[in-house]
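File shown here: model14.txt, holding compact mmCIF, C-alpha atoms.
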# COMPACT_ATOMS: atom_id res chain seq x y z
CA MET W 1 -40.81 -2.59 -13.66
CA THR W 2 -39.90 -1.48 -17.16
CA VAL W 3 -40.05 2.19 -18.12
CA SER W 4 -40.90 2.71 -21.76
CA ASN W 5 -38.55 5.64 -22.39
CA CYS W 6 -35.58 4.37 -20.35
CA PRO W 7 -32.68 3.14 -22.51
CA LEU W 8 -31.47 0.77 -19.78
CA CYS W 9 -34.93 -0.81 -19.61
CA LEU W 10 -35.01 -1.19 -23.39
CA GLU W 11 -31.45 -2.20 -24.32
CA PRO W 12 -28.54 -4.12 -22.76
CA GLY W 13 -26.44 -0.91 -22.67
CA GLY W 14 -23.23 -2.58 -23.85
CA ILE W 15 -21.75 -6.02 -24.47
CA LEU W 16 -23.40 -8.42 -22.03
CA VAL W 17 -20.76 -10.11 -19.87
CA ALA W 18 -22.77 -11.68 -17.05
CA GLN W 19 -26.13 -11.39 -15.38
CA THR W 20 -28.35 -12.56 -12.57
CA ALA W 21 -32.01 -11.84 -11.92
CA ALA W 22 -30.94 -8.72 -10.00
CA TRP W 23 -28.30 -7.14 -12.25
CA ARG W 24 -26.37 -7.41 -15.48
CA VAL W 25 -22.78 -6.45 -16.26
CA VAL W 26 -21.91 -5.04 -19.66
CA ARG W 27 -18.68 -3.79 -21.18
CA VAL W 28 -19.04 -0.28 -22.54
CA LEU W 29 -17.56 0.49 -25.96
CA ASP W 30 -15.37 3.53 -25.38
CA ALA W 31 -12.15 3.82 -27.40
CA ASN W 32 -10.49 5.98 -24.74
CA PHE W 33 -11.42 3.67 -21.86
CA PRO W 34 -11.50 0.12 -23.19
CA ALA W 35 -11.67 -1.55 -19.75
CA PHE W 36 -14.97 0.07 -18.83
CA TYR W 37 -17.68 -2.10 -17.28
CA ARG W 38 -21.12 -1.15 -16.10
CA LEU W 39 -23.27 -2.98 -13.60
CA ILE W 40 -26.91 -2.22 -14.38
CA TRP W 41 -29.63 -3.04 -11.88
CA GLN W 42 -32.27 -4.99 -13.80
CA ALA W 43 -35.25 -3.27 -12.14
CA HIS W 44 -35.84 0.39 -12.89
CA VAL W 45 -34.70 2.01 -9.65
CA ALA W 46 -33.13 5.47 -9.57
CA GLU W 47 -31.10 5.56 -6.37
CA PHE W 48 -28.75 3.09 -4.68
CA SER W 49 -30.54 3.68 -1.36
CA GLN W 50 -33.78 2.34 -2.81
CA LEU W 51 -32.26 -1.15 -2.69
CA SER W 52 -32.63 -3.30 0.42
CA PRO W 53 -29.50 -3.87 2.52
CA ALA W 54 -29.13 -7.37 1.00
CA GLU W 55 -29.51 -5.96 -2.51
CA ARG W 56 -26.94 -3.23 -1.82
CA SER W 57 -24.50 -5.86 -0.60
CA ASP W 58 -25.12 -8.02 -3.67
CA CYS W 59 -24.69 -4.97 -5.92
CA ILE W 60 -21.54 -3.60 -4.34
CA GLU W 61 -19.87 -6.99 -3.99
CA ALA W 62 -20.38 -7.50 -7.71
CA VAL W 63 -18.86 -4.05 -8.36
CA ASN W 64 -16.00 -5.07 -6.08
CA ALA W 65 -15.47 -8.33 -7.97
CA ILE W 66 -15.18 -6.42 -11.26
CA GLU W 67 -12.72 -3.99 -9.71
CA ARG W 68 -10.60 -6.84 -8.43
CA VAL W 69 -10.40 -8.47 -11.86
CA LEU W 70 -9.37 -5.15 -13.42
CA ILE W 71 -6.61 -4.68 -10.84
CA GLU W 72 -5.29 -8.23 -11.08
CA SER W 73 -5.52 -8.48 -14.85
CA LEU W 74 -4.51 -4.99 -15.99
CA GLN W 75 -2.56 -3.39 -13.15
CA PRO W 76 -4.28 -0.04 -13.73
CA THR W 77 -3.06 3.15 -12.09
CA LYS W 78 -6.49 3.45 -10.42
CA VAL W 79 -10.00 2.07 -10.63
CA ASN W 80 -12.87 4.54 -10.76
CA LEU W 81 -16.30 3.63 -9.36
CA ALA W 82 -19.34 5.82 -9.84
CA SER W 83 -23.12 5.77 -9.77
CA LEU W 84 -24.37 9.05 -11.23
CA GLY W 85 -27.50 8.57 -13.34
CA ASN W 86 -28.19 12.24 -14.05
CA VAL W 87 -28.97 11.49 -17.70
CA VAL W 88 -30.35 7.97 -17.28
CA PRO W 89 -31.81 7.66 -13.76
CA HIS W 90 -31.81 3.86 -13.79
CA LEU W 91 -29.32 2.54 -11.23
CA HIS W 92 -25.99 1.62 -12.80
CA TRP W 93 -22.41 1.55 -11.56
CA HIS W 94 -19.43 2.48 -13.69
CA VAL W 95 -16.28 0.44 -13.03
CA ILE W 96 -13.41 1.84 -15.08
CA ALA W 97 -9.73 0.90 -15.17
CA ARG W 98 -7.69 4.08 -15.43
CA PHE W 99 -4.07 4.41 -16.56
CA ASP W 100 -1.63 7.27 -16.22
CA TRP W 101 -1.32 7.24 -20.01
CA ASP W 102 -5.04 7.36 -20.79
CA SER W 103 -6.65 10.30 -22.57
CA HIS W 104 -7.99 11.98 -19.41
CA PHE W 105 -5.88 10.81 -16.46
CA PRO W 106 -5.90 12.10 -13.74
CA ASN W 107 -9.13 13.83 -14.74
CA PRO W 108 -12.35 11.86 -14.39
CA VAL W 109 -13.54 10.30 -17.64
CA TRP W 110 -16.26 12.98 -17.67
CA GLY W 111 -13.70 15.78 -17.42
CA ALA W 112 -11.43 17.37 -19.98
CA ALA W 113 -9.17 15.23 -22.16
CA LEU W 114 -5.49 15.91 -21.56
CA ARG W 115 -3.82 13.98 -24.38
CA GLU W 116 -4.53 11.81 -27.39
CA THR W 117 -4.06 8.07 -27.01
CA ALA W 118 -3.67 6.26 -30.31
CA ASP W 119 -4.82 2.76 -29.41
CA ALA W 120 -5.74 2.38 -25.77
CA GLN W 121 -7.05 -1.14 -26.22
CA ALA W 122 -3.70 -2.36 -27.56
CA SER W 123 -1.97 -1.03 -24.44
CA LEU W 124 -3.89 -3.32 -22.10
CA MET W 125 -2.09 -6.34 -20.64
CA LEU W 126 -4.93 -8.64 -21.68
CA PRO W 127 -7.22 -8.83 -24.73
CA LEU W 128 -10.75 -7.66 -23.95
CA ASP W 129 -12.41 -10.99 -24.70
CA GLN W 130 -10.20 -12.63 -22.08
CA LEU W 131 -10.91 -9.80 -19.68
CA ASP W 132 -14.66 -10.32 -20.21
CA GLN W 133 -14.20 -14.02 -19.41
CA ARG W 134 -12.38 -13.23 -16.18
CA VAL W 135 -15.05 -10.73 -15.16
CA ALA W 136 -17.78 -13.26 -15.88
CA ALA W 137 -15.93 -15.95 -13.91
CA ALA W 138 -15.44 -13.63 -10.93
CA LEU W 139 -19.10 -12.62 -10.96
CA ALA W 140 -20.30 -16.19 -11.06
CA ILE W 141 -18.65 -16.65 -7.67
CA THR W 142 -20.52 -13.72 -6.17
CA ARG W 143 -23.85 -14.75 -7.73
CA PRO W 144 -26.47 -15.15 -4.99
CA MET V 1 -0.73 3.83 8.11
CA THR V 2 -0.15 7.51 7.44
CA VAL V 3 1.47 8.65 4.22
CA SER V 4 3.48 11.83 4.64
CA ASN V 5 2.56 13.44 1.31
CA CYS V 6 -1.11 12.43 1.27
CA PRO V 7 -3.48 15.34 1.96
CA LEU V 8 -6.18 13.00 3.34
CA CYS V 9 -3.66 11.56 5.81
CA LEU V 10 -2.60 15.06 6.88
CA GLU V 11 -5.86 17.04 6.94
CA PRO V 12 -9.58 16.42 7.61
CA GLY V 13 -10.39 17.28 3.95
CA GLY V 14 -13.48 19.34 4.79
CA ILE V 15 -15.79 20.17 7.71
CA LEU V 16 -15.84 17.14 9.98
CA VAL V 17 -19.40 15.87 10.43
CA ALA V 18 -18.95 12.42 11.98
CA GLN V 19 -16.33 9.75 12.38
CA THR V 20 -15.58 6.28 13.61
CA ALA V 21 -12.24 4.48 13.89
CA ALA V 22 -12.72 3.28 10.32
CA TRP V 23 -13.89 6.41 8.45
CA ARG V 24 -14.77 10.06 8.73
CA VAL V 25 -17.41 12.08 6.92
CA VAL V 26 -16.74 15.66 5.95
CA ARG V 27 -18.74 18.27 4.11
CA VAL V 28 -16.86 19.71 1.17
CA LEU V 29 -16.92 23.48 0.63
CA ASP V 30 -18.03 23.89 -2.98
CA ALA V 31 -20.21 26.89 -3.83
CA ASN V 32 -21.73 25.13 -6.83
CA PHE V 33 -22.53 21.93 -4.91
CA PRO V 34 -23.27 22.88 -1.31
CA ALA V 35 -24.69 19.48 -0.32
CA PHE V 36 -21.47 17.61 -1.04
CA TYR V 37 -20.23 15.09 1.52
CA ARG V 38 -17.18 12.89 1.43
CA LEU V 39 -16.60 9.68 3.33
CA ILE V 40 -12.87 9.24 3.83
CA TRP V 41 -11.43 5.92 4.94
CA GLN V 42 -9.15 6.68 7.90
CA ALA V 43 -6.39 4.27 6.86
CA HIS V 44 -4.43 5.04 3.72
CA VAL V 45 -5.85 2.50 1.28
CA ALA V 46 -6.11 3.21 -2.45
CA GLU V 47 -8.84 0.92 -3.71
CA PHE V 48 -12.26 -0.07 -2.38
CA SER V 49 -11.44 -3.73 -3.03
CA GLN V 50 -8.57 -3.57 -0.55
CA LEU V 51 -11.14 -3.43 2.25
CA SER V 52 -12.44 -6.63 3.82
CA PRO V 53 -16.06 -7.60 3.06
CA ALA V 54 -17.11 -6.32 6.52
CA GLU V 55 -15.26 -3.04 5.92
CA ARG V 56 -16.86 -2.63 2.49
CA SER V 57 -20.28 -3.15 4.03
CA ASP V 58 -19.55 -0.63 6.80
CA CYS V 59 -18.25 1.87 4.21
CA ILE V 60 -21.07 1.55 1.71
CA GLU V 61 -23.82 1.51 4.35
CA ALA V 62 -22.43 4.81 5.64
CA VAL V 63 -22.44 6.18 2.08
CA ASN V 64 -26.01 4.92 1.78
CA ALA V 65 -27.02 6.63 5.04
CA ILE V 66 -25.67 9.96 3.75
CA GLU V 67 -27.51 9.51 0.46
CA ARG V 68 -30.75 8.81 2.29
CA VAL V 69 -30.48 11.97 4.38
CA LEU V 70 -29.82 14.03 1.24
CA ILE V 71 -32.88 12.57 -0.48
CA GLU V 72 -35.19 12.96 2.50
CA SER V 73 -33.96 16.42 3.48
CA LEU V 74 -33.37 18.09 0.12
CA GLN V 75 -35.42 16.19 -2.47
CA PRO V 76 -32.58 16.42 -5.00
CA THR V 77 -33.05 15.53 -8.65
CA LYS V 78 -30.38 12.84 -8.23
CA VAL V 79 -27.65 11.76 -5.85
CA ASN V 80 -24.20 11.09 -7.30
CA LEU V 81 -21.86 8.56 -5.71
CA ALA V 82 -18.25 8.14 -6.78
CA SER V 83 -14.91 6.81 -5.63
CA LEU V 84 -12.26 8.00 -8.07
CA GLY V 85 -8.98 8.89 -6.34
CA ASN V 86 -6.93 9.61 -9.44
CA VAL V 87 -5.41 12.69 -7.85
CA VAL V 88 -5.47 11.58 -4.21
CA PRO V 89 -5.31 7.77 -4.13
CA HIS V 90 -6.60 7.50 -0.56
CA LEU V 91 -10.01 5.85 -0.50
CA HIS V 92 -12.84 8.37 -0.36
CA TRP V 93 -16.42 8.42 -1.56
CA HIS V 94 -18.16 11.49 -2.92
CA VAL V 95 -21.87 11.78 -2.05
CA ILE V 96 -23.37 14.75 -3.84
CA ALA V 97 -26.94 16.02 -4.02
CA ARG V 98 -27.63 17.19 -7.56
CA PHE V 99 -30.42 19.48 -8.72
CA ASP V 100 -31.73 20.19 -12.19
CA TRP V 101 -30.91 23.86 -11.58
CA ASP V 102 -27.31 23.35 -10.45
CA SER V 103 -24.36 24.71 -12.41
CA HIS V 104 -23.52 21.43 -14.18
CA PHE V 105 -26.67 19.28 -14.22
CA PRO V 106 -27.02 16.80 -15.92
CA ASN V 107 -23.25 16.80 -16.42
CA PRO V 108 -21.13 15.23 -13.69
CA VAL V 109 -19.63 17.77 -11.29
CA TRP V 110 -16.29 17.06 -13.02
CA GLY V 111 -17.71 17.91 -16.44
CA ALA V 112 -18.46 21.21 -18.12
CA ALA V 113 -20.56 23.85 -16.38
CA LEU V 114 -23.80 24.56 -18.22
CA ARG V 115 -25.11 27.64 -16.38
CA GLU V 116 -24.32 30.04 -13.57
CA THR V 117 -26.09 29.56 -10.28
CA ALA V 118 -26.10 32.64 -8.10
CA ASP V 119 -26.52 31.16 -4.62
CA ALA V 120 -26.89 27.42 -4.66
CA GLN V 121 -26.79 27.14 -0.88
CA ALA V 122 -29.81 29.44 -0.48
CA SER V 123 -31.81 27.19 -2.81
CA LEU V 124 -31.57 24.16 -0.52
CA MET V 125 -34.61 23.16 1.53
CA LEU V 126 -32.53 23.01 4.71
CA PRO V 127 -29.65 25.10 6.10
CA LEU V 128 -26.34 23.27 5.90
CA ASP V 129 -25.75 23.16 9.66
CA GLN V 130 -29.05 21.32 10.09
CA LEU V 131 -28.18 19.03 7.20
CA ASP V 132 -24.85 18.23 8.87
CA GLN V 133 -26.72 17.36 12.07
CA ARG V 134 -29.04 15.00 10.21
CA VAL V 135 -26.11 13.33 8.46
CA ALA V 136 -24.31 12.89 11.77
CA ALA V 137 -27.44 11.46 13.39
CA ALA V 138 -27.98 9.00 10.53
CA LEU V 139 -24.36 7.88 10.65
CA ALA V 140 -24.46 7.29 14.39
CA ILE V 141 -27.12 4.65 13.72
CA THR V 142 -24.94 2.81 11.24
CA ARG V 143 -21.85 3.01 13.45
CA PRO V 144 -20.46 -0.48 14.08

Can you turn what I pasted into structure tokens?
Amino acid sequence: MTVSNCPLCLEPGGILVAQTAAWRVVRVLDANFPAFYRLIWQAHVAEFSQLSPAERSDCIEAVNAIERVLIESLQPTKVNLASLGNVVPHLHWHVIARFDWDSHFPNPVWGAALRETADAQASLMLPLDQLDQRVAAALAITRP
Amino acid sequence: MTVSNCPLCLEPGGILVAQTAAWRVVRVLDANFPAFYRLIWQAHVAEFSQLSPAERSDCIEAVNAIERVLIESLQPTKVNLASLGNVVPHLHWHVIARFDWDSHFPNPVWGAALRETADAQASLMLPLDQLDQRVAAALAITRP
């Protein structure tokens, strides 16, 4: 089902990294949080619990695969996972590598900034195009 | 493993609602967000991806069961799920019923408040002790 006024039904929502019939993974363009991926459920569903058990497993294992790539490739201080959807109630999961030097740490990315970070992207251990490739490769393994 | 300076190793972290050997569920005391549960992994593990696939399934199905009770019992505008752990890197999942009248909606609970809400708890469709009972009952079903 496509909802005519839902931005995640109308647009990719970021740089497309991988997709299946069930979900797509995009990288979000955020200068403060360059290693920020989003898994978007392709169908317009608001809540995680509206998925079937098999769909939830598929969804969360894909989220898990992204997290694992971020940890192995970037050695972040922490990975943050969240499915909020208050503004856009179309199921999507944020998967964000966090670093103790980033603009908001330890606050959530939605909280108050604590410092300015000149070039967060340049501080990552891996260029983003290579990170995208690793995420895509990891997701291909979990593809149903 | 218990970590001596980790608050979630030392204390329940809220009002205990249900637990298994693997996790416990507590209700968090937050006047702005009265229907706020937290699933805390019993073992001190930082990241979701450190769990085995079976543990991840057990964990996320319990999160799902809590979400479902919140939706069926309270008809919230949205449920928010998140595993952050920047401050306390001991795996825990926030499961929060959000309402369009709550102090922060549509902002995340970690964002800026947008309004004052006099008595959020009194606005819920169900008293919290009954909600706790429903959450506990739902979790007993998913217990491994």

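Atom CA of Thr20 of chain W to atom CA of Ala62 of chain W spans 10.6 Å [interatomic distance, one decimal].
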
For chain W, list the residues within 6 Å of chain V, counting only C-alpha atoms, and write the list as a list in words. Ser49, Asn64, Asn80, Leu81, Ala82, Ser83, Leu84, Asn86, Val87, Pro106, Trp110 and Gly111 of chain W

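One finds atom CA of Ser123 of chain W at 15.2 Å from atom CA of His104 of chain W.
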
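Atom CA of Ala122 of chain V sits 22.6 Å away from atom CA of Val25 of chain V.
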
Counting only C-alpha atoms, which residue out of W:Leu139, W:Leu91, W:Ala35, W:Ala22 sits closest to Leu124 of chain W?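 With only C-alpha atoms as the atom set, the closest residue is W:Ala35.
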
Selection near segment 2-14 of chain V, 10 Å with only C-alpha atoms, sequence-local residues under 2 positions removed, as a list in words: Leu16, Val17, Arg24, Val25, Val26, Arg27, Val28, Leu29, Tyr37, Arg38, Leu39, Ile40, Trp41, Gln42, Ala43, His44, Val45, Val88, Pro89, His90, Leu91 and His92 of chain V

Which of these residues is nearest to Phe33 of chain W, using all atoms listed in the file: W:Ala18, W:Met1, W:Ala113, W:Ala97?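 Of all the options, W:Ala97 lies closest to Phe33 of chain W.
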
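Residue nearest Gln121 of chain V, chosen from V:Leu74, V:Ala31, V:Ala21, V:Ala54 and counting all atoms listed in the file: V:Ala31.
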
Would you fill out segment 26-44 of chain V with N, CA, C and O atoms and return it as a tab-separated table (two decimals), keeping the file's coordinate frame?
chain	number	residue	atom	x	y	z
V	26	VAL	N	-16.91	14.22	5.96
V	26	VAL	CA	-16.74	15.66	5.95
V	26	VAL	C	-17.69	16.26	4.92
V	26	VAL	O	-18.12	15.59	3.99
V	27	ARG	N	-18.03	17.53	5.15
V	27	ARG	CA	-18.74	18.27	4.11
V	27	ARG	C	-17.72	19.10	3.35
V	27	ARG	O	-16.89	19.78	3.96
V	28	VAL	N	-17.80	19.03	2.04
V	28	VAL	CA	-16.86	19.71	1.17
V	28	VAL	C	-17.39	21.11	0.89
V	28	VAL	O	-18.59	21.30	0.67
V	29	LEU	N	-16.51	22.10	0.91
V	29	LEU	CA	-16.92	23.48	0.63
V	29	LEU	C	-16.82	23.74	-0.87
V	29	LEU	O	-15.73	23.91	-1.42
V	30	ASP	N	-17.97	23.68	-1.53
V	30	ASP	CA	-18.03	23.89	-2.98
V	30	ASP	C	-19.27	24.74	-3.24
V	30	ASP	O	-20.40	24.27	-3.03
V	31	ALA	N	-19.08	25.96	-3.67
V	31	ALA	CA	-20.21	26.89	-3.83
V	31	ALA	C	-21.24	26.37	-4.82
V	31	ALA	O	-22.43	26.60	-4.66
V	32	ASN	N	-20.80	25.64	-5.84
V	32	ASN	CA	-21.73	25.13	-6.83
V	32	ASN	C	-22.53	23.92	-6.32
V	32	ASN	O	-23.65	23.69	-6.79
V	33	PHE	N	-21.90	23.16	-5.41
V	33	PHE	CA	-22.53	21.93	-4.91
V	33	PHE	C	-22.47	21.95	-3.39
V	33	PHE	O	-21.61	21.32	-2.79
V	34	PRO	N	-23.37	22.70	-2.76
V	34	PRO	CA	-23.27	22.88	-1.31
V	34	PRO	C	-23.54	21.60	-0.51
V	34	PRO	O	-22.98	21.44	0.57
V	35	ALA	N	-24.37	20.71	-1.05
V	35	ALA	CA	-24.69	19.48	-0.32
V	35	ALA	C	-23.80	18.36	-0.85
V	35	ALA	O	-24.24	17.45	-1.56
V	36	PHE	N	-22.52	18.48	-0.51
V	36	PHE	CA	-21.47	17.61	-1.04
V	36	PHE	C	-20.72	17.05	0.16
V	36	PHE	O	-20.02	17.78	0.87
V	37	TYR	N	-20.91	15.75	0.41
V	37	TYR	CA	-20.23	15.09	1.52
V	37	TYR	C	-19.19	14.12	0.96
V	37	TYR	O	-19.27	13.69	-0.19
V	38	ARG	N	-18.22	13.82	1.83
V	38	ARG	CA	-17.18	12.89	1.43
V	38	ARG	C	-16.91	11.94	2.59
V	38	ARG	O	-16.69	12.42	3.72
V	39	LEU	N	-17.01	10.68	2.33
V	39	LEU	CA	-16.60	9.68	3.33
V	39	LEU	C	-15.16	9.30	3.03
V	39	LEU	O	-14.84	8.87	1.91
V	40	ILE	N	-14.30	9.51	4.01
V	40	ILE	CA	-12.87	9.24	3.83
V	40	ILE	C	-12.48	8.08	4.73
V	40	ILE	O	-12.72	8.13	5.95
V	41	TRP	N	-11.91	7.05	4.14
V	41	TRP	CA	-11.43	5.92	4.94
V	41	TRP	C	-10.24	6.41	5.75
V	41	TRP	O	-9.39	7.12	5.23
V	42	GLN	N	-10.22	6.11	7.05
V	42	GLN	CA	-9.15	6.68	7.90
V	42	GLN	C	-7.77	6.14	7.49
V	42	GLN	O	-6.80	6.90	7.44
V	43	ALA	N	-7.68	4.85	7.25
V	43	ALA	CA	-6.39	4.27	6.86
V	43	ALA	C	-6.09	4.60	5.40
V	43	ALA	O	-7.00	4.74	4.58
V	44	HIS	N	-4.83	4.73	5.09
V	44	HIS	CA	-4.43	5.04	3.72
V	44	HIS	C	-4.49	3.78	2.85
V	44	HIS	O	-3.56	2.96	2.85
